Amino acid sequence: MTQARPRRTVLGLLPWPERQAVAEALRTETVGGLVLLAAAVVALVWANSPWSAAYESVRDLHFGIPALGLDLSVGHWTADGLLAVFFLVAGIELKRELVLGELRTPATAALPVIAALCGMAVPAGLYTLTAALGGGSTDGWAVPMATDIAFALAVLAVISTHLPAALRAFLLTLAVVDDLGAIFIIAVFFTSDLNPWALAGAGAGLVVFYLLQRLRVRGWWWYVPLGVGIWALMYNGGIHATVAGVAMGLILRTRRDSGEEEAPAARVSHLVHPFSAGVAVPLFALFAAGVGVSGAALLEVFTDPEPLAVFVGLVAGKILGVFLGTYAAARFTKARLNPDLAWADVLGLAVLAGIGFTVALLIGELSFTDPEQTEHVKAAVLIGSTTAAVLAAVLLRRRNRVYRRLWEEENRDDNADGIPDVYQTGVR
């Protein structure tokens, strides 16, 4: 008689190498998230102060190289230039997940991928339904689709939860898949005035980038000028320049060769990730989050169909999509939830996923051409993300006693050898 195969545990203890990699990524994102929060607050205060004209003047100041098609405003440099660095890091993280992490096998990838896909599809559907019922434009359907991992981790830091590593890793993987979906949507749906020659040049640059990796060529003096050239050609080609960042991140080699201390992807991530989290994303937030928050403007978030649809998509859509997607994936794969956790913990993460700050602001700028409508949509992103953050804080704080116990068990190291005892005894 054949013995039944044991059911896989969802959100169980992470393998030690995976936990180390996740902890390093989350540490940088948490610090960057706190800087991001500060930048968003400064933007809101500045844009609603007597010096708001100065804010707009700085944001709209143009500089660059017109002959190369790169005469951009400060706001556009942060959105098209600095966010390319953010998406470079996202591409590296996605490649690491696909090669070494949770996405490398179908069994472990099913849960976060299904949860992320549902967490994108349901908000987009709710946006479309809400906007259509209100007689508004459905152009912003992609705005509430992405999760801002840095903002979410900053919320966790502020409310001081001891979320177990598995829950944090699940949130990170969910955000990585979200970022891939966002960049796909940006590349496919937000292209204009395509320039085939520039795109061909960008493609040729990516081929050279790939060959340099295959030939194990090292040295920043090869890659930095080439990367800047690919970015500029992609921008002039009519595809949003952030796509270049993801493409290069996916090309970087993730497995290290014999004798190498680190693979190129890990090396680049260590160098670039702090700049991305601590400088690039906060500067984008500084010039994207400065919207008017007068009583009339806030009222329009809940009366105009487009901003209301964004709010509904972020707050209701993300909760339903991520939670129901996770539950369905667990049932479909016949997996069981970690007995130390409850579905209420998954619900808390689903609410936290409604924080869609950075990428939502970017897609909001790309979706609407009317400046006033863009401002209203941005206000909806801010209000929706704040609402999700407050709801998540309430839900997760209620379970913090459980999280603290699990965190202490995961990190106990009685023999002080640097490896938690749970990885040596196999007993939690």
# chains A, B, ... in the order shown; residues from 1 in each chain; ligands from 1
$ closest_atom_pairs --of "region 59-136 of chain A" --to "region 286-291 of chain A" --cutoff "8 Å" --atoms "only C-alpha atoms" --output "CSV"
residue,atom,partner,partner_atom,distance
A:Arg59,CA,A:Phe287,CA,6.0
A:Val74,CA,A:Phe287,CA,7.9
A:Gly75,CA,A:Phe287,CA,5.6
A:Thr78,CA,A:Phe287,CA,7.7
$ residues_around --residues "region 209-220 of chain A" --least-positions-apart "3" --cutoff "7 Å" --atoms "only C-alpha atoms" --output "list in words"
Gly205, Leu206, Tyr223, Val224, Ile251, Leu252 and Arg253 of chain A
$ residues_around --residues "Arg19 (chain A)" --least-positions-apart "5" --cutoff "10 Å" --atoms "only C-alpha atoms" --output "list in words"
Leu13, Leu14, Glu24, Ala25, Gly101, Ala165, Ala166, Arg168 and Ala169 of chain A
$ write_last_selection --atoms "C-alpha atoms" --output "short mmCIF file (atom, residue, chain, number, x, y, z; two decimals), in the first residue's frame"
data_model
loop_
_atom_site.label_atom_id
_atom_site.label_comp_id
_atom_site.auth_asym_id
_atom_site.auth_seq_id
_atom_site.Cartn_x
_atom_site.Cartn_y
_atom_site.Cartn_z
CA LEU A 13 10.57 27.87 8.22
CA LEU A 14 12.75 29.19 5.38
CA GLU A 24 19.69 41.35 3.83
CA ALA A 25 17.25 42.58 1.16
CA GLY A 101 14.78 31.47 -4.26
CA ALA A 165 10.80 35.50 8.43
CA ALA A 166 8.41 33.40 6.34
CA ARG A 168 8.31 38.81 5.42
CA ALA A 169 9.72 36.59 2.65
#
$ residues_around --residues "region 246-248 of chain A" --least-positions-apart "6" --cutoff "10 Å" --atoms "only C-alpha atoms" --output "list in words"
Ala84, Val85, Phe86, Phe87, Leu88, Val89, Ala90, Gly91, Ile92, Glu93, Leu94, Lys95, Asp179, Leu180, Ile183, Phe184, Gly203, Gly205, Leu206, Phe209, Tyr210, Tyr223, Gly227, Ile230, Trp231 and Ala265 of chain A
$ residues_around --residues "region 327-342 of chain A" --least-positions-apart "3" --cutoff "12 Å" --atoms "only C-alpha atoms" --output "ChimeraX atom specification"
/A:5-14,106-118,163-164,166-167,319-324,345-350,396,399-407,409,428
$ residues_around --residues "Trp141 (chain A)" --least-positions-apart "2" --cutoff "6 Å" --atoms "only C-alpha atoms" --output "MDAnalysis selection string"
chainID A and resid 124 127:128 138:139 143
$ write_last_selection --atoms "N, CA and C atoms" --output "PDB file, in the first residue's frame"
ATOM      1  N   ALA A 124      -7.369  45.627 -10.554  1.00  0.00           N
ATOM      2  CA  ALA A 124      -7.612  46.167 -11.897  1.00  0.00           C
ATOM      3  C   ALA A 124      -9.085  46.017 -12.278  1.00  0.00           C
ATOM      4  N   TYR A 127     -11.164  48.463 -10.185  1.00  0.00           N
ATOM      5  CA  TYR A 127     -10.998  49.825 -10.711  1.00  0.00           C
ATOM      6  C   TYR A 127     -11.892  50.007 -11.934  1.00  0.00           C
ATOM      7  N   THR A 128     -11.795  49.077 -12.875  1.00  0.00           N
ATOM      8  CA  THR A 128     -12.558  49.192 -14.121  1.00  0.00           C
ATOM      9  C   THR A 128     -14.058  49.240 -13.847  1.00  0.00           C
ATOM     10  N   THR A 138     -11.497  54.470 -17.818  1.00  0.00           N
ATOM     11  CA  THR A 138     -10.888  53.224 -17.323  1.00  0.00           C
ATOM     12  C   THR A 138      -9.389  53.175 -17.604  1.00  0.00           C
ATOM     13  N   ASP A 139      -8.807  54.317 -18.033  1.00  0.00           N
ATOM     14  CA  ASP A 139      -7.386  54.336 -18.394  1.00  0.00           C
ATOM     15  C   ASP A 139      -6.466  54.006 -17.220  1.00  0.00           C
ATOM     16  N   VAL A 143      -3.236  51.358 -12.114  1.00  0.00           N
ATOM     17  CA  VAL A 143      -2.683  52.133 -10.989  1.00  0.00           C
ATOM     18  C   VAL A 143      -2.681  51.339  -9.674  1.00  0.00           C
TER      19      VAL A 143
END
$ residues_around --residues "region 362-364 of chain A" --least-positions-apart "5" --cutoff "8 Å" --atoms "only C-alpha atoms" --output "list in words"
Ala79, Gly140, Ala142, Val143, Ile186, Ala288, Thr374, Val377 and Lys378 of chain A
$ write_last_selection --atoms "all heavy atoms" --output "compact mmCIF listing (two decimals), in the first residue's frame"
# COMPACT_ATOMS: atom_id res chain seq x y z
N ALA A 79 11.59 60.09 -12.35
CA ALA A 79 10.69 59.01 -12.75
C ALA A 79 11.31 58.10 -13.81
O ALA A 79 11.19 56.88 -13.74
CB ALA A 79 9.37 59.59 -13.27
N GLY A 140 -6.93 54.25 -16.00
CA GLY A 140 -6.05 54.04 -14.84
C GLY A 140 -6.18 52.66 -14.22
O GLY A 140 -5.82 52.48 -13.05
N ALA A 142 -4.43 50.12 -14.25
CA ALA A 142 -3.20 49.51 -13.73
C ALA A 142 -2.67 50.20 -12.48
O ALA A 142 -1.75 49.68 -11.83
CB ALA A 142 -2.12 49.52 -14.81
N VAL A 143 -3.24 51.36 -12.11
CA VAL A 143 -2.68 52.13 -10.99
C VAL A 143 -2.68 51.34 -9.67
O VAL A 143 -1.67 51.32 -8.96
CB VAL A 143 -3.44 53.47 -10.82
CG1 VAL A 143 -2.95 54.21 -9.58
CG2 VAL A 143 -3.28 54.34 -12.05
N ILE A 186 3.83 48.53 -18.05
CA ILE A 186 4.43 49.79 -18.51
C ILE A 186 5.00 49.62 -19.92
O ILE A 186 4.80 50.47 -20.79
CB ILE A 186 5.52 50.25 -17.53
CG1 ILE A 186 4.89 50.74 -16.22
CG2 ILE A 186 6.35 51.38 -18.14
CD1 ILE A 186 5.89 50.99 -15.11
N ALA A 288 6.94 63.36 -6.75
CA ALA A 288 5.70 62.76 -7.25
C ALA A 288 4.56 62.86 -6.25
O ALA A 288 3.39 62.85 -6.63
CB ALA A 288 5.93 61.30 -7.62
N THR A 374 -4.54 63.89 -12.83
CA THR A 374 -3.37 63.19 -12.30
C THR A 374 -3.19 63.49 -10.82
O THR A 374 -2.89 62.58 -10.02
CB THR A 374 -2.10 63.59 -13.08
OG1 THR A 374 -2.29 63.32 -14.47
CG2 THR A 374 -0.90 62.81 -12.59
N VAL A 377 -5.72 61.52 -8.83
CA VAL A 377 -5.36 60.10 -8.77
C VAL A 377 -4.21 59.89 -7.80
O VAL A 377 -4.20 58.92 -7.02
CB VAL A 377 -5.00 59.59 -10.19
CG1 VAL A 377 -4.32 58.23 -10.13
CG2 VAL A 377 -6.26 59.50 -11.04
N LYS A 378 -3.23 60.80 -7.81
CA LYS A 378 -2.12 60.70 -6.85
C LYS A 378 -2.63 60.82 -5.41
O LYS A 378 -2.17 60.10 -4.52
CB LYS A 378 -1.08 61.78 -7.13
CG LYS A 378 -0.21 61.53 -8.34
CD LYS A 378 0.84 62.63 -8.44
CE LYS A 378 1.79 62.42 -9.57
NZ LYS A 378 2.84 63.46 -9.62
$ closest_residue --among "A:Val394, A:Ala198, A:Ala39, A:Leu100" --to "Phe151 (chain A)" --atoms "only C-alpha atoms"
A:Ala39
$ closest_residue --among "A:Trp343, A:Phe368, A:Tyr423, A:Tyr235" --to "Leu72 (chain A)" --atoms "only C-alpha atoms"
A:Tyr235
$ atom_distance --atom1 "CA of His240 (chain A)" --atom2 "CA of Gly81 (chain A)"
9.9 Å
$ select_by_dssp --residues "region 34-142 of chain A" --states "strand (DSSP E or B)" --output "list in words"
His62, Phe63, Gly64, Ile65, Leu70, Asp71, Leu72 and Ser73 of chain A
$ closest_residue --among "A:Pro282, A:Ala47, A:Glu408, A:Leu391" --to "Pro420 (chain A)" --atoms "only C-alpha atoms"
A:Glu408
$ atom_distance --atom1 "CA of Val310 (chain A)" --atom2 "CA of Leu171 (chain A)"
21.4 Å
$ closest_atom_pairs --of "region 208-310 of chain A" --to "region 187-193 of chain A" --cutoff "8 Å" --atoms "only C-alpha atoms" --output "CSV"
residue,atom,partner,partner_atom,distance
A:Gly237,CA,A:Asp193,CA,7.7
A:Gly238,CA,A:Ser192,CA,5.2
A:Ile239,CA,A:Thr191,CA,4.9
A:His240,CA,A:Ala187,CA,6.4
A:Val243,CA,A:Ala187,CA,6.6
$ atom_distance --atom1 "CA of Val268 (chain A)" --atom2 "CA of Gly229 (chain A)"
17.9 Å
